[in-house]
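Below is one structure, written out as structure tokens; comments come after it.
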Amino acid sequence: MNTEETTLTMENENEISEHKEMRIKHLQDLKEKGINPYGSRFAYTHTIGEVIEKYKNLAESEEGEEVLVAGRLMALREHGKASFGNIEDSTGNIQVYFKSNQVGDENYKNLKLVDIGDFIGVKGKVFRTRKGELTIFLDSYTFLSKALLPPPEKFHGLKDVEARYRQRYVDLLSNPDVRSTFITRSKIVSAIRTLLDKKGFIEVETPSMNMIAGGANARPFITHHNALDMDLFFRIATELHLKRLIVGGLDRVYEIGRIFRNEGIDTRHNPEFTTMELYWAYADYTDMMQITEDIFSEICENVIGKTEVEFEGVTYNLKPPFRRLTMEDAFREYAGIEMKKLRDLDYAREMAQKYKLDLSRKEDVAYIMDKVFGAAVEPHLVQPTFIIDYPIELSPLAKKKEDDPTMTYRFELFMANMEMANAFSELNDPEDQRERFTSQMKKKELFNDDEAHPLDEDFITALEYGMPPTGGIGIGIDRLIMLVTGSPSIRDVILFPLMKPRD
């Protein structure tokens with residue numbers, strides 16, 4: 001009998017190598033016996049979760065029906081002519097009972113070739129042991145797949161952070177909380193789709209590769225198309241294509257998709273991430289605030305059953321309404337800074353020096369204003385807060401305020417000191433848009449700013465055909481998942497985050 005328990009660690013390479021050799025020997029022995037160690041289709045009648053739910057009230061004196069289930073063997077304990085094990089699938093874990101005279105002597109002897117981590121299919125009746133544990137009394141079992149490497153240690157799981165991110169398949173195998181996080185992620189994305197579909201939005205898909213990287217101020221990734229012999233950019237936003245659809249008569253559109261930005265990596269940034277962007281004809285940024293509150297509060301109610309979430313030791317209340325604060329008032333309240341003074345380069349430099357900001361890249365007023373806000377104000381934005389009415393310098397795609405053309409109808413949603421959403425009353429004046437793009441191109445030349453927004457002639461042409469007043473918003477899905485699941489790093493909510501190669 002193979003008495004290997006799930007008490008192995010992934011740290012001792014010699015130990016792993018020894019276990020792998022043993023498992024390869026078991027593999028060869030199975031083949032010599034005419035048993036396929038990598039079986040074919042198994043027609044299970046129930047998932048393990050369904051068995052647990054169906055027989056949760058089964059009494060010790062009762063017997064359930066015959067079931068066929070499949071899963072990964074997570075434990076195996078020998079007791080002479082009888083053995084207990086546990087198998088697990090994505091829905092749960094259940095005990096199984098092997099008895100020599102029930103499964104047959106030869107099949108029982110072949111258990112010595114079963115290793116922890118192997119996949120098996122089992123057939124038997126459900127009963128409850130005297131200790132009260134729901135169990136399947138096996139008539140037979142089937143080899144489905146041999147595991148040549150042992151799973152991580154049973155009680156502590158895979159703890160090495162680097163290994164967890166690099167080998168997510170092992171992380172998911174060994175850490176139930178990680179599986180739960182990604183199941184929650186899927187439910188949240190599904191809940192967003194359901195909510196928007198009910199509100200009359202249609203989901204669309206836009207290109208991931210473009211001739212112009214537009215829709216945001218960010219550094220793009222560049223690739224090359226051989227057949228056309230031209231460079232293309234991976235998208236840094238979906239905005240400009242979605243607004244083209246508004247021009248084309250699709251009045252309510254959204255897209256949930258991957259965005260690529262050639263920027264740094266930290267606990268809140270990954271070069272490849274997911275956003276949800278929506279655009280709503282005849283709406284404005286006040287409508288975007290309303291729908292943002294709906295999205296954050298309703299998905300929490302629907303997915304986790306409450307509007308309060310715990311993140312890094314703080315409780316966040318996502319029940320509307322969220323606080324609204326102008327950027328000007330935020331600067332004044334949290335930093336004692338007059339925002340309009342930041343338009344003076346000397347004063348902006350002085351504030352940058354006060355907050356020890358690195359201006360080696362560029363000394364553009366808009367850049368400094370944004371960085372000062374990040375250092376002086378964002379650390380105070382804990383509970384959900386809409387920062388509204390941004391300077392035009394920071395908002396090349398937002399509509400000017402009617403009462404102050406130096407400002408725009410724009411907001412960002414902050415909570416847990418993170419930007420969670422960005423929204424505008426969209427600029428739909430083609431002449432104004434051209435002027436904004438031209439100003440951005442001057443910044444690119446003057447400051448060698450590779451994040452400045454490029455001139456997109458086709459988008460201006462689209463606006464010349466006429467775009468109705470429109471509200472638009474982008475929400476960072478990964479950060480939303482972080483908040484709801486209490487995950488401290490964005491890598492905890494992205495299945496396969498980008499990692500630097502090992503030395």
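Convention: chains lettered A, B, ... in structure tokens order; per-chain residue numbering from 1; ligands numbered from 1 as shown.
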
Per residue of region 212-249 of chain A within 12 Å of region 178-202 of chain A, record the nearest atom pair and its distance in Å to one decimal, counting only C-alpha atoms, with rows in chain order and ascending residue number, as CSV.
```
residue,atom,partner,partner_atom,distance
A:Leu242,CA,A:Ile202,CA,11.3
A:Leu245,CA,A:Ile202,CA,11.1
A:Ile246,CA,A:Ile202,CA,11.6
```

Go ahead and save the residues from that selection, with N, CA and C atoms, as a short mmCIF file (atom, residue, chain, number, x, y, z; two decimals), in the first residue's frame.
```cif
data_model
loop_
_atom_site.label_atom_id
_atom_site.label_comp_id
_atom_site.auth_asym_id
_atom_site.auth_seq_id
_atom_site.Cartn_x
_atom_site.Cartn_y
_atom_site.Cartn_z
N LEU A 242 -15.08 52.42 -28.79
CA LEU A 242 -16.44 52.38 -28.25
C LEU A 242 -17.21 53.66 -28.59
N LEU A 245 -18.64 53.63 -31.93
CA LEU A 245 -19.90 52.89 -32.00
C LEU A 245 -21.08 53.76 -31.61
N ILE A 246 -20.86 54.68 -30.65
CA ILE A 246 -21.91 55.65 -30.31
C ILE A 246 -22.24 56.50 -31.54
#
```

To test your reading of the structure, identify every residue in region 14-83 of chain A that backbone DSSP assigns to helix (DSSP H, G or I), and report it as an MDAnalysis selection string. chainID A and resid 14:32 48:54

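Distances to Ile212 (chain A) were evaluated for A:Arg41, A:His453, A:Arg323, A:His46 using only C-alpha atoms, and the minimum falls at A:His453.
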
Compile the contact shell of Ser425 (chain A) as a PyMOL selection string: residues with an atom at most 10 Å away, counting only C-alpha atoms, same-chain residues fewer than 2 positions apart removed. chain A and resi 279-280+282-288+397-401+408-411+423+427-428+469-473

Select, from A:Ile259, A:Val365, A:Leu111, A:Leu149, the residue with the minimum atom-to-atom distance to Val170 (chain A), counting only C-alpha atoms.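 Of the candidates, the smallest distance to Val170 (chain A) is held by A:Leu149.
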
Of the listed residues A:Val314, A:Leu173, A:Ile16, A:Ile291, that which approaches Met74 (chain A) most closely, counting only C-alpha atoms: A:Leu173

Between A:Phe84, A:Phe331, A:Phe459, A:Phe296, which has the minimum distance to Arg434 (chain A) (counting only C-alpha atoms)?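 Nearest candidate to Arg434 (chain A) out of A:Phe84, A:Phe331, A:Phe459, A:Phe296: A:Phe459.
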
Tell me, in Å to one decimal, how far CA of Ala281 (chain A) is from CA of Ala421 (chain A).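 Separation of CA of Ala281 (chain A) and CA of Ala421 (chain A): 18.9 Å.
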
Å distance separating CA of Pro271 (chain A) from CA of Pro220 (chain A), one decimal place: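 Interatomic distance, CA of Pro271 (chain A) to CA of Pro220 (chain A): 9.6 Å.
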
Selected residue of minimal separation from Asn302 (chain A) among A:Met369, A:Val484, A:Ala82, A:Tyr390, counting only C-alpha atoms: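 Once distances to Asn302 (chain A) are computed over only C-alpha atoms, the minimum belongs to A:Val484.
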
Name all residues at most 12 Å from region 53-69 of chain A (count only C-alpha atoms; drop same-chain ones fewer than 2 positions away) and give them as a VMD selection string. chain A and resid 42 to 51 71 to 73 86 to 96 119 to 142 144

Write the residues you've just listed into a file as a PDB file, in the first residue's frame, and include C-alpha atoms for each of them.
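Saved file selection-v2.pdb follows:
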```pdb
ATOM      1  CA  PHE A  42     -15.653   9.022 -17.113  1.00  0.00           C
ATOM      2  CA  ALA A  43     -19.434   9.389 -17.037  1.00  0.00           C
ATOM      3  CA  TYR A  44     -19.955  10.671 -13.507  1.00  0.00           C
ATOM      4  CA  THR A  45     -23.507  11.027 -12.212  1.00  0.00           C
ATOM      5  CA  HIS A  46     -22.818  13.752  -9.641  1.00  0.00           C
ATOM      6  CA  THR A  47     -20.235  16.318  -8.728  1.00  0.00           C
ATOM      7  CA  ILE A  48     -18.901  15.928  -5.210  1.00  0.00           C
ATOM      8  CA  GLY A  49     -20.709  19.096  -4.178  1.00  0.00           C
ATOM      9  CA  GLU A  50     -23.991  17.656  -5.434  1.00  0.00           C
ATOM     10  CA  VAL A  51     -23.463  14.470  -3.403  1.00  0.00           C
ATOM     11  CA  GLY A  71     -11.724  13.814  -8.633  1.00  0.00           C
ATOM     12  CA  ARG A  72      -8.156  14.147  -7.429  1.00  0.00           C
ATOM     13  CA  LEU A  73      -7.034  11.849  -4.607  1.00  0.00           C
ATOM     14  CA  ASN A  86     -10.477  11.601   0.105  1.00  0.00           C
ATOM     15  CA  ILE A  87     -11.131  12.814  -3.410  1.00  0.00           C
ATOM     16  CA  GLU A  88     -11.741  16.386  -4.447  1.00  0.00           C
ATOM     17  CA  ASP A  89     -13.188  18.189  -7.448  1.00  0.00           C
ATOM     18  CA  SER A  90     -13.918  21.871  -7.980  1.00  0.00           C
ATOM     19  CA  THR A  91     -17.129  21.603  -5.933  1.00  0.00           C
ATOM     20  CA  GLY A  92     -15.962  19.827  -2.807  1.00  0.00           C
ATOM     21  CA  ASN A  93     -14.096  17.049  -1.000  1.00  0.00           C
ATOM     22  CA  ILE A  94     -15.559  13.703   0.119  1.00  0.00           C
ATOM     23  CA  GLN A  95     -14.313  10.587   1.858  1.00  0.00           C
ATOM     24  CA  VAL A  96     -14.191   7.270  -0.021  1.00  0.00           C
ATOM     25  CA  PHE A 119      -7.229  11.421 -10.580  1.00  0.00           C
ATOM     26  CA  ILE A 120      -9.616   8.523 -10.120  1.00  0.00           C
ATOM     27  CA  GLY A 121     -13.245   7.814 -10.870  1.00  0.00           C
ATOM     28  CA  VAL A 122     -15.233   5.909  -8.228  1.00  0.00           C
ATOM     29  CA  LYS A 123     -18.541   4.060  -8.057  1.00  0.00           C
ATOM     30  CA  GLY A 124     -20.383   3.200  -4.866  1.00  0.00           C
ATOM     31  CA  LYS A 125     -23.185   3.931  -2.424  1.00  0.00           C
ATOM     32  CA  VAL A 126     -23.297   6.872  -0.058  1.00  0.00           C
ATOM     33  CA  PHE A 127     -23.382   6.272   3.705  1.00  0.00           C
ATOM     34  CA  ARG A 128     -22.391   8.057   6.894  1.00  0.00           C
ATOM     35  CA  THR A 129     -19.712   6.625   9.189  1.00  0.00           C
ATOM     36  CA  ARG A 130     -20.092   6.252  12.944  1.00  0.00           C
ATOM     37  CA  LYS A 131     -17.974   9.389  13.259  1.00  0.00           C
ATOM     38  CA  GLY A 132     -20.586  11.196  11.175  1.00  0.00           C
ATOM     39  CA  GLU A 133     -18.553  11.645   7.983  1.00  0.00           C
ATOM     40  CA  LEU A 134     -20.333  11.370   4.647  1.00  0.00           C
ATOM     41  CA  THR A 135     -18.581   8.616   2.678  1.00  0.00           C
ATOM     42  CA  ILE A 136     -18.855   6.650  -0.565  1.00  0.00           C
ATOM     43  CA  PHE A 137     -18.502   2.866  -0.061  1.00  0.00           C
ATOM     44  CA  LEU A 138     -16.792   1.834  -3.282  1.00  0.00           C
ATOM     45  CA  ASP A 139     -17.756  -1.006  -5.593  1.00  0.00           C
ATOM     46  CA  SER A 140     -15.013  -0.014  -8.019  1.00  0.00           C
ATOM     47  CA  TYR A 141     -12.529   2.681  -8.948  1.00  0.00           C
ATOM     48  CA  THR A 142     -10.904   3.695 -12.228  1.00  0.00           C
ATOM     49  CA  LEU A 144      -8.023   8.542 -14.834  1.00  0.00           C
TER      50      LEU A 144
END
```

Just list the residues in region 103-140 of chain A DSSP gives strand (DSSP E or B) on the backbone, as a ChimeraX atom specification. /A:119-128,134-140

Do you know which residues are at most 12 Å from Ser360 (chain A) counting only C-alpha atoms, after dropping those on the same chain fewer than 4 positions away, and could you put them as a CSV table (one decimal) with C-alpha atoms, in the first residue's frame?
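This is the output file result_21.csv:
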```
chain,number,residue,atom,x,y,z
A,349,ARG,CA,7.8,72.6,-8.8
A,352,ALA,CA,6.7,68.6,-6.1
A,353,GLN,CA,9.8,69.3,-4.0
A,356,LYS,CA,9.8,64.7,-2.8
A,364,ASP,CA,5.0,69.5,-17.5
A,367,TYR,CA,2.2,65.9,-15.0
A,368,ILE,CA,3.3,67.6,-11.8
A,447,PHE,CA,9.0,66.8,-23.0
A,448,ASN,CA,9.7,63.6,-25.0
A,449,ASP,CA,6.4,62.4,-23.4
```

In terms of the shortest atom-to-atom distance over only C-alpha atoms, which of A:Pro405, A:Gly117, A:Pro454, A:Gly80 is closest to Asn101 (chain A)?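 When distances to Asn101 (chain A) are compared using only C-alpha atoms, the smallest one comes from A:Gly80.
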